[in-house]
file model36.cif (mmCIF, C-alpha atoms)
data_my_file
#
loop_
_atom_site.group_PDB
_atom_site.id
_atom_site.type_symbol
_atom_site.label_atom_id
_atom_site.label_comp_id
_atom_site.auth_asym_id
_atom_site.auth_seq_id
_atom_site.Cartn_x
_atom_site.Cartn_y
_atom_site.Cartn_z
ATOM 1 C CA THR A 1 -84.944 5.221 54.447
ATOM 2 C CA GLY A 2 -87.764 2.695 54.377
ATOM 3 C CA GLN A 3 -85.672 -0.157 55.794
ATOM 4 C CA THR A 4 -87.236 -2.587 58.251
ATOM 5 C CA LEU A 5 -86.031 -5.257 60.656
ATOM 6 C CA GLY A 6 -88.537 -8.019 61.295
ATOM 7 C CA LEU A 7 -88.546 -9.048 64.939
ATOM 8 C CA GLY A 8 -91.361 -11.571 64.721
ATOM 9 C CA ALA A 9 -93.307 -12.277 67.864
ATOM 10 C CA GLY A 10 -90.675 -10.539 69.980
ATOM 11 C CA GLN A 11 -92.781 -7.381 70.277
ATOM 12 C CA PRO A 12 -90.145 -4.624 70.301
ATOM 13 C CA ASN A 13 -90.659 -2.322 73.260
ATOM 14 C CA ASN A 14 -87.727 0.107 73.043
ATOM 15 C CA VAL A 15 -84.794 0.838 70.710
ATOM 16 C CA ALA A 16 -81.466 2.611 71.266
ATOM 17 C CA CYS A 17 -78.898 3.729 68.686
ATOM 18 C CA ALA A 18 -75.158 3.621 69.433
ATOM 19 C CA PRO A 19 -73.325 6.972 69.598
ATOM 20 C CA ASN A 20 -71.370 6.151 66.416
ATOM 21 C CA SER A 21 -74.644 5.369 64.574
ATOM 22 C CA ALA A 22 -73.199 2.068 63.282
ATOM 23 C CA SER A 23 -75.555 -0.162 65.302
ATOM 24 C CA GLY A 24 -78.565 -0.222 67.551
ATOM 25 C CA VAL A 25 -80.284 -2.492 70.043
ATOM 26 C CA ALA A 26 -83.963 -3.354 70.468
ATOM 27 C CA VAL A 27 -85.427 -4.799 73.643
ATOM 28 C CA LEU A 28 -88.054 -7.425 72.881
ATOM 29 C CA ARG A 29 -90.970 -7.278 75.256
ATOM 30 C CA GLY A 30 -92.404 -10.772 74.773
ATOM 31 C CA LEU A 31 -89.089 -12.625 74.645
ATOM 32 C CA GLY A 32 -87.295 -10.679 77.384
ATOM 33 C CA SER A 33 -84.217 -10.321 75.201
ATOM 34 C CA LEU A 34 -82.009 -7.794 73.424
ATOM 35 C CA ARG A 35 -81.399 -7.855 69.654
ATOM 36 C CA SER A 36 -78.680 -5.816 67.984
ATOM 37 C CA PHE A 37 -78.742 -4.620 64.388
ATOM 38 C CA GLY A 38 -76.445 -2.836 61.959
ATOM 39 C CA VAL A 39 -76.976 0.650 60.563
ATOM 40 C CA PRO A 40 -77.465 1.248 57.701
ATOM 41 C CA GLY A 41 -79.367 -1.750 56.411
ATOM 42 C CA LEU A 42 -80.859 -2.960 59.702
ATOM 43 C CA ALA A 43 -79.050 -6.292 59.378
ATOM 44 C CA ALA A 44 -79.826 -8.504 62.377
ATOM 45 C CA GLY A 45 -76.910 -8.969 64.765
ATOM 46 C CA SER A 46 -76.579 -10.671 68.148
ATOM 47 C CA THR A 47 -79.335 -11.772 70.514
ATOM 48 C CA GLN A 48 -78.947 -11.752 74.295
ATOM 49 C CA LEU A 49 -81.545 -13.189 76.681
ATOM 50 C CA LEU A 50 -81.990 -10.954 79.729
ATOM 51 C CA PRO A 51 -81.879 -12.831 83.061
ATOM 52 C CA GLY A 52 -84.869 -12.925 85.357
ATOM 53 C CA THR A 53 -88.548 -13.049 84.592
ATOM 54 C CA GLY A 54 -91.096 -10.715 83.120
ATOM 55 C CA LEU A 55 -91.199 -8.549 80.031
ATOM 56 C CA GLY A 56 -88.315 -6.843 78.271
ATOM 57 C CA ILE A 57 -88.804 -3.195 79.239
ATOM 58 C CA SER A 58 -85.982 -0.896 78.151
ATOM 59 C CA VAL A 59 -82.492 -0.635 76.717
ATOM 60 C CA VAL A 60 -79.836 2.078 76.714
ATOM 61 C CA ILE A 61 -76.333 2.243 75.226
ATOM 62 C CA SER A 62 -73.591 4.053 77.148
ATOM 63 C CA PRO A 63 -72.247 7.349 75.736
ATOM 64 C CA ALA A 64 -68.952 5.577 74.960
ATOM 65 C CA GLY A 65 -70.849 2.884 73.045
ATOM 66 C CA ASP A 66 -69.106 0.077 74.924
ATOM 67 C CA ARG A 67 -71.919 -1.036 77.260
ATOM 68 C CA VAL A 68 -75.580 -1.942 76.850
ATOM 69 C CA PHE A 69 -77.986 -1.887 79.781
ATOM 70 C CA GLY A 70 -81.199 -3.906 79.529
ATOM 71 C CA ARG A 71 -84.139 -4.014 81.913
ATOM 72 C CA ARG A 72 -86.432 -6.987 82.333
ATOM 73 C CA GLY A 73 -89.391 -7.211 84.682
ATOM 74 C CA THR A 74 -89.643 -4.930 87.646
ATOM 75 C CA ASN A 75 -86.307 -5.371 89.377
ATOM 76 C CA THR A 76 -83.563 -6.551 86.996
ATOM 77 C CA VAL A 77 -81.083 -4.374 85.075
ATOM 78 C CA THR A 78 -78.165 -6.126 83.379
ATOM 79 C CA ALA A 79 -75.050 -4.619 81.765
ATOM 80 C CA TYR A 80 -73.207 -6.189 78.839
ATOM 81 C CA ALA A 81 -69.943 -5.275 77.135
ATOM 82 C CA TYR A 82 -70.822 -4.107 73.615
ATOM 83 C CA ASN A 83 -68.954 -3.350 70.412
ATOM 84 C CA SER A 84 -70.986 -0.566 68.853
ATOM 85 C CA ALA A 85 -69.038 -0.774 65.576
ATOM 86 C CA THR A 86 -70.114 -4.401 64.991
ATOM 87 C CA GLY A 87 -73.224 -4.790 67.178
ATOM 88 C CA VAL A 88 -71.728 -7.805 68.960
ATOM 89 C CA TRP A 89 -71.878 -8.399 72.732
#

call {"tool": "encode", "arguments": {"input": "model36.cif", "output": "structure tokens"}}
result
Amino acid sequence: TGQTLGLGAGQPNNVACAPNSASGVAVLRGLGSLRSFGVPGLAAGSTQLLPGTGLGISVVISPAGDRVFGRRGTNTVTAYAYNSATGVW
């Protein structure tokens, strides 16, 4: 559709779309954080800093769309409750 979401110096490393296709989440490599966005429109949503140290590596949304799992560094995976309809943690 030609829409873009500027993530600045965050260096997006991975993106996941919610099962209902109403939102998605990007993991930002340089900032070690997660950033949600709305679909359509790619409107920026919530930001969540991943605990630990190192780079933001990957993100996945559960099949039910109610949990987000983010990986930072080499040994930290964190789960967050997630509202896939709104993109809010």

call {"tool": "residues_around", "arguments": {"input": "model36.cif", "residues": "Ala79 of chain A", "least_positions_apart": "5", "cutoff": "12 Å", "atoms": "all atoms listed in the file", "output": "mmCIF file with C-alpha atoms, in the frame of the given file"}}
result
data_model
loop_
_atom_site.group_PDB
_atom_site.id
_atom_site.type_symbol
_atom_site.label_atom_id
_atom_site.label_comp_id
_atom_site.auth_asym_id
_atom_site.auth_seq_id
_atom_site.Cartn_x
_atom_site.Cartn_y
_atom_site.Cartn_z
ATOM 1 C CA LEU A 34 -82.009 -7.794 73.424
ATOM 2 C CA GLN A 48 -78.947 -11.752 74.295
ATOM 3 C CA LEU A 49 -81.545 -13.189 76.681
ATOM 4 C CA LEU A 50 -81.990 -10.954 79.729
ATOM 5 C CA PRO A 51 -81.879 -12.831 83.061
ATOM 6 C CA VAL A 59 -82.492 -0.635 76.717
ATOM 7 C CA VAL A 60 -79.836 2.078 76.714
ATOM 8 C CA ILE A 61 -76.333 2.243 75.226
ATOM 9 C CA SER A 62 -73.591 4.053 77.148
ATOM 10 C CA ASP A 66 -69.106 0.077 74.924
ATOM 11 C CA ARG A 67 -71.919 -1.036 77.260
ATOM 12 C CA VAL A 68 -75.580 -1.942 76.850
ATOM 13 C CA PHE A 69 -77.986 -1.887 79.781
ATOM 14 C CA GLY A 70 -81.199 -3.906 79.529
ATOM 15 C CA ARG A 71 -84.139 -4.014 81.913
ATOM 16 C CA ARG A 72 -86.432 -6.987 82.333
ATOM 17 C CA TRP A 89 -71.878 -8.399 72.732
#

call {"tool": "resolve_selection", "arguments": {"input": "model36.cif", "expression": "the PyMOL selection byres ((chain A and resi 19-33) around 9)", "output": "VMD selection string"}}
result
chain A and resid 7 9 to 18 34 to 40 42 45 47 to 65 68 70 to 73 83 to 87

call {"tool": "closest_residue", "arguments": {"input": "model36.cif", "among": "A:Ala44, A:Asn75, A:Val88, A:Tyr80", "to": "Gly6 of chain A", "atoms": "all atoms listed in the file"}}
result
A:Ala44
